[in-house]
Amino acid sequence: MLWFFVAVPLLVTGYLLSLKRKSKMAVRYASLSLFKDAMPGRSLRRHVPPLLFLLAVAGMLFAVARPATVISLPSEHDVVILAMDVSGSMRADDVKPTRLAAAQAAARTFIRDTPRSTRVGVVAFAGSAALVQAPTSNRDDVLAAIDGLQLQNATAVGSGILVSLKAIFPDREFEVKPRRGGFAAAGGTRAPQQQAGAAPVAPGSYGSAAIILLTDGQTTSGPDPVDAARLAADHGVRVYTVGVGTPEGQVLTGEGWSIRVRLDEDALKIVADLTRGEYFFAGNAVDLKKVYEALTKRLVFEKRETEVTALFSAIAAALAMVSAALSLLWFNRIL
């Protein structure tokens, strides 16, 4: 609709022609004083009201094109699920004092800074996943659930995502069948899965809930996290992933065994990308705290593409009113 702007140069041309016509008519006046008063352009302020009116017209024409911009707006998240890895690798101390302790400390700060209107739930996952705290506004219950997390064996990131979805949509069933021959990579085929009875929506379009997934290791059991992420994307739920640990990892030892625990950043990035979330890396306790602070801001304020037609319409209306007011004040008529 921007082609309507052709009206602007037409209005300018019409105004200039009007001034020229008035100049010709001015010579008919016998009185020199009347001649001076009739001559256009005698004072620059004579052109101010028409200029303001022209800007008002331009603003209106621009509003017709329905302009939009990306701005930060208060979010509408009613539920936030903290899905926390409690696998044995979380006892590694490359993130001081341990990965799990650092994650718990950062989560406590996040809980305290989250608006009271937001209900927070906690999901713990290792070889399986469980909802240890249903979404609630009671911060003491949430903090107690975080403090009570206990280490277990194996890592099932996909199960953590599915149980988190179940906490958000308790009336729906979520299932992703384990993939034979390993887990998905980018571009892998989708495993057969049972849909939750609702038509897929645009990824990231469900603004009432979000999942924050924190893990430090690779998936070793359960459903493929990428397939679980696709299911979350079909329901419009964003999954913000947090990878905790150092790039080189750490060797953990036990009775007769040792294993190097590494962070699988690629899978976490894919999960975040599929759901229109974001991936964060935390290599130490300070970074982890900063990650949760950034997540708090993202969940309180979200950047959205918003139409700003009303803004330009209001500016145009204000300019038109000022133009009319100045014309009446200076010349006792609307020019």
# chains A, B, ... in the order shown; residues from 1 in each chain; ligands from 1
$ residues_around --residues "stretch 287-292 of chain A" --least-positions-apart "3" --cutoff "8 Å" --atoms "only C-alpha atoms" --output "ChimeraX atom specification"
/A:102-103,105-107,109-110,242,244,280-284,295-296
$ closest_atom_pairs --of "stretch 202-233 of chain A" --to "stretch 160-178 of chain A" --cutoff "9 Å" --atoms "only C-alpha atoms" --output "tab-separated table"
residue	atom	partner	partner_atom	distance
A:Ala209	CA	A:Ile168	CA	7.0
A:Ala210	CA	A:Ile168	CA	8.6
A:Ile211	CA	A:Ser164	CA	7.0
A:Leu213	CA	A:Ile161	CA	7.7
A:Ser221	CA	A:Pro178	CA	8.4
A:Gly222	CA	A:Pro178	CA	6.1
A:Pro223	CA	A:Pro178	CA	4.4
A:Asp224	CA	A:Pro178	CA	6.3
A:Pro225	CA	A:Ile161	CA	7.3
A:Asp227	CA	A:Val176	CA	6.8
A:Ala228	CA	A:Ile161	CA	6.2
A:Ala229	CA	A:Ile161	CA	7.1
A:Leu231	CA	A:Phe174	CA	8.1
A:Ala232	CA	A:Leu165	CA	6.9
$ write_last_selection --atoms "N, CA and C atoms" --output "short mmCIF file (atom, residue, chain, number, x, y, z; two decimals), in the first residue's frame"
data_model
loop_
_atom_site.label_atom_id
_atom_site.label_comp_id
_atom_site.auth_asym_id
_atom_site.auth_seq_id
_atom_site.Cartn_x
_atom_site.Cartn_y
_atom_site.Cartn_z
N ALA A 209 3.55 -21.21 27.96
CA ALA A 209 4.46 -22.09 28.69
C ALA A 209 5.78 -22.21 27.96
N ALA A 210 6.81 -22.57 28.71
CA ALA A 210 8.14 -22.80 28.14
C ALA A 210 8.87 -23.84 28.99
N ILE A 211 9.85 -24.47 28.38
CA ILE A 211 10.65 -25.48 29.08
C ILE A 211 12.11 -25.03 29.09
N LEU A 213 15.63 -26.68 29.77
CA LEU A 213 16.24 -28.00 29.88
C LEU A 213 17.73 -27.85 30.17
N SER A 221 19.87 -43.32 27.07
CA SER A 221 18.69 -44.20 27.14
C SER A 221 17.45 -43.39 26.83
N GLY A 222 16.34 -44.12 26.68
CA GLY A 222 15.07 -43.45 26.45
C GLY A 222 14.89 -42.97 25.03
N PRO A 223 13.83 -42.20 24.79
CA PRO A 223 13.52 -41.71 23.44
C PRO A 223 14.53 -40.70 22.94
N ASP A 224 14.59 -40.57 21.64
CA ASP A 224 15.50 -39.61 21.02
C ASP A 224 15.08 -38.18 21.38
N PRO A 225 15.98 -37.38 21.93
CA PRO A 225 15.62 -35.99 22.30
C PRO A 225 15.20 -35.13 21.11
N ASP A 227 13.50 -36.22 18.44
CA ASP A 227 12.12 -36.56 18.16
C ASP A 227 11.18 -35.96 19.21
N ALA A 228 11.62 -35.97 20.47
CA ALA A 228 10.83 -35.34 21.53
C ALA A 228 10.72 -33.84 21.28
N ALA A 229 11.79 -33.23 20.79
CA ALA A 229 11.76 -31.80 20.48
C ALA A 229 10.79 -31.50 19.35
N LEU A 231 8.09 -33.09 18.79
CA LEU A 231 6.76 -33.15 19.38
C LEU A 231 6.45 -31.86 20.14
N ALA A 232 7.45 -31.33 20.84
CA ALA A 232 7.27 -30.04 21.52
C ALA A 232 7.02 -28.93 20.51
#
$ select_by_dssp --residues "stretch 38-110 of chain A" --states "helix (DSSP H, G or I)" --output "ChimeraX atom specification"
/A:38,44-64,88-91,99-110
$ write_last_selection --atoms "N, CA and C atoms" --output "short mmCIF file (atom, residue, chain, number, x, y, z; two decimals), in the first residue's frame"
data_model
loop_
_atom_site.label_atom_id
_atom_site.label_comp_id
_atom_site.auth_asym_id
_atom_site.auth_seq_id
_atom_site.Cartn_x
_atom_site.Cartn_y
_atom_site.Cartn_z
N ALA A 38 -1.84 40.00 1.24
CA ALA A 38 -2.30 38.95 0.34
C ALA A 38 -1.17 38.14 -0.25
N LEU A 44 7.39 32.90 7.04
CA LEU A 44 7.60 31.45 6.99
C LEU A 44 6.55 30.69 7.78
N ARG A 45 6.01 31.32 8.83
CA ARG A 45 5.04 30.60 9.65
C ARG A 45 3.75 30.32 8.89
N ARG A 46 3.53 31.07 7.77
CA ARG A 46 2.35 30.80 6.95
C ARG A 46 2.37 29.38 6.39
N HIS A 47 3.60 28.86 6.21
CA HIS A 47 3.74 27.53 5.62
C HIS A 47 3.80 26.42 6.66
N VAL A 48 3.86 26.78 7.94
CA VAL A 48 3.99 25.75 8.98
C VAL A 48 2.75 24.87 9.07
N PRO A 49 1.52 25.45 9.15
CA PRO A 49 0.33 24.57 9.22
C PRO A 49 0.21 23.63 8.01
N PRO A 50 0.39 24.12 6.77
CA PRO A 50 0.32 23.19 5.64
C PRO A 50 1.38 22.09 5.71
N LEU A 51 2.59 22.46 6.18
CA LEU A 51 3.64 21.45 6.30
C LEU A 51 3.27 20.38 7.31
N LEU A 52 2.73 20.80 8.46
CA LEU A 52 2.30 19.83 9.47
C LEU A 52 1.18 18.94 8.94
N PHE A 53 0.27 19.56 8.18
CA PHE A 53 -0.82 18.77 7.61
C PHE A 53 -0.29 17.75 6.59
N LEU A 54 0.73 18.17 5.83
CA LEU A 54 1.34 17.25 4.86
C LEU A 54 1.99 16.06 5.59
N LEU A 55 2.67 16.34 6.70
CA LEU A 55 3.27 15.26 7.49
C LEU A 55 2.19 14.35 8.07
N ALA A 56 1.06 14.93 8.46
CA ALA A 56 -0.05 14.12 8.97
C ALA A 56 -0.58 13.17 7.90
N VAL A 57 -0.71 13.70 6.68
CA VAL A 57 -1.17 12.86 5.57
C VAL A 57 -0.17 11.74 5.31
N ALA A 58 1.13 12.07 5.32
CA ALA A 58 2.16 11.05 5.10
C ALA A 58 2.10 9.98 6.19
N GLY A 59 1.89 10.40 7.44
CA GLY A 59 1.77 9.43 8.53
C GLY A 59 0.58 8.51 8.33
N MET A 60 -0.55 9.05 7.91
CA MET A 60 -1.73 8.24 7.65
C MET A 60 -1.51 7.24 6.52
N LEU A 61 -0.85 7.71 5.47
CA LEU A 61 -0.57 6.82 4.34
C LEU A 61 0.37 5.70 4.75
N PHE A 62 1.34 6.02 5.60
CA PHE A 62 2.26 5.00 6.08
C PHE A 62 1.52 4.00 6.98
N ALA A 63 0.56 4.49 7.77
CA ALA A 63 -0.21 3.61 8.64
C ALA A 63 -1.06 2.63 7.83
N VAL A 64 -1.53 3.09 6.65
CA VAL A 64 -2.33 2.21 5.79
C VAL A 64 -1.53 0.98 5.38
N GLY A 88 24.49 -39.38 36.84
CA GLY A 88 25.71 -39.47 37.63
C GLY A 88 26.79 -38.50 37.19
N SER A 89 26.79 -38.12 35.92
CA SER A 89 27.83 -37.21 35.43
C SER A 89 27.71 -35.82 36.03
N MET A 90 26.55 -35.52 36.62
CA MET A 90 26.36 -34.20 37.22
C MET A 90 27.16 -34.04 38.51
N ARG A 91 27.82 -35.13 38.98
CA ARG A 91 28.68 -35.00 40.16
C ARG A 91 30.08 -34.52 39.79
N ARG A 99 28.64 -29.91 39.17
CA ARG A 99 27.70 -29.46 38.15
C ARG A 99 26.28 -29.36 38.72
N LEU A 100 25.88 -30.37 39.49
CA LEU A 100 24.53 -30.36 40.04
C LEU A 100 24.36 -29.24 41.06
N ALA A 101 25.33 -29.06 41.95
CA ALA A 101 25.23 -28.00 42.97
C ALA A 101 25.17 -26.62 42.32
N ALA A 102 25.99 -26.41 41.28
CA ALA A 102 25.97 -25.13 40.59
C ALA A 102 24.63 -24.91 39.90
N ALA A 103 24.08 -25.98 39.31
CA ALA A 103 22.78 -25.88 38.65
C ALA A 103 21.69 -25.58 39.66
N GLN A 104 21.74 -26.20 40.82
CA GLN A 104 20.74 -25.94 41.85
C GLN A 104 20.81 -24.49 42.34
N ALA A 105 22.02 -23.99 42.54
CA ALA A 105 22.19 -22.61 43.01
C ALA A 105 21.65 -21.61 41.99
N ALA A 106 21.95 -21.84 40.70
CA ALA A 106 21.46 -20.94 39.66
C ALA A 106 19.94 -21.03 39.54
N ALA A 107 19.40 -22.23 39.69
CA ALA A 107 17.95 -22.40 39.60
C ALA A 107 17.24 -21.68 40.74
N ARG A 108 17.84 -21.67 41.92
CA ARG A 108 17.22 -20.95 43.05
C ARG A 108 17.11 -19.46 42.74
N THR A 109 18.18 -18.91 42.17
CA THR A 109 18.15 -17.48 41.81
C THR A 109 17.08 -17.23 40.76
N PHE A 110 16.98 -18.13 39.79
CA PHE A 110 15.97 -18.00 38.75
C PHE A 110 14.57 -18.01 39.35
#
$ residues_around --residues "stretch 118-134 of chain A" --least-positions-apart "3" --cutoff "7 Å" --atoms "only C-alpha atoms" --output "ChimeraX atom specification"
/A:77-87,114-115,137,142,145,152-157,159-160,163-164,167,221
$ residues_around --residues "stretch 66-70 of chain A" --least-positions-apart "6" --cutoff "6 Å" --atoms "only C-alpha atoms" --output "list in words"
Arg304, Glu305, Thr306, Glu307, Val308 and Thr309 of chain A
$ atom_distance --atom1 "atom CA of A:Pro203" --atom2 "atom CA of A:Arg238"
7.3 Å
$ closest_residue --among "A:Ile270, A:Ala65, A:Leu151, A:Leu143" --to "A:Phe312" --atoms "only C-alpha atoms"
A:Ala65
$ atom_distance --atom1 "atom CA of A:Asp234" --atom2 "atom CA of A:Ala202"
6.7 Å
$ residues_around --residues "A:Gln218" --least-positions-apart "5" --cutoff "8 Å" --atoms "only C-alpha atoms" --output "VMD selection string"
chain A and resid 155 262 to 264
$ write_last_selection --atoms "N, CA and C atoms" --output "short mmCIF file (atom, residue, chain, number, x, y, z; two decimals), in the first residue's frame"
data_model
loop_
_atom_site.label_atom_id
_atom_site.label_comp_id
_atom_site.auth_asym_id
_atom_site.auth_seq_id
_atom_site.Cartn_x
_atom_site.Cartn_y
_atom_site.Cartn_z
N THR A 155 21.23 -41.23 31.24
CA THR A 155 20.73 -39.91 30.84
C THR A 155 19.68 -40.08 29.75
N ARG A 262 31.16 -35.92 28.49
CA ARG A 262 31.26 -34.76 27.60
C ARG A 262 29.88 -34.16 27.37
N LEU A 263 29.89 -32.92 26.99
CA LEU A 263 28.64 -32.21 26.69
C LEU A 263 28.30 -32.39 25.22
N ASP A 264 27.07 -32.83 24.95
CA ASP A 264 26.60 -33.00 23.57
C ASP A 264 25.89 -31.71 23.14
#
$ atom_distance --atom1 "atom CA of A:Ala92" --atom2 "atom CA of A:Val226"
25.3 Å
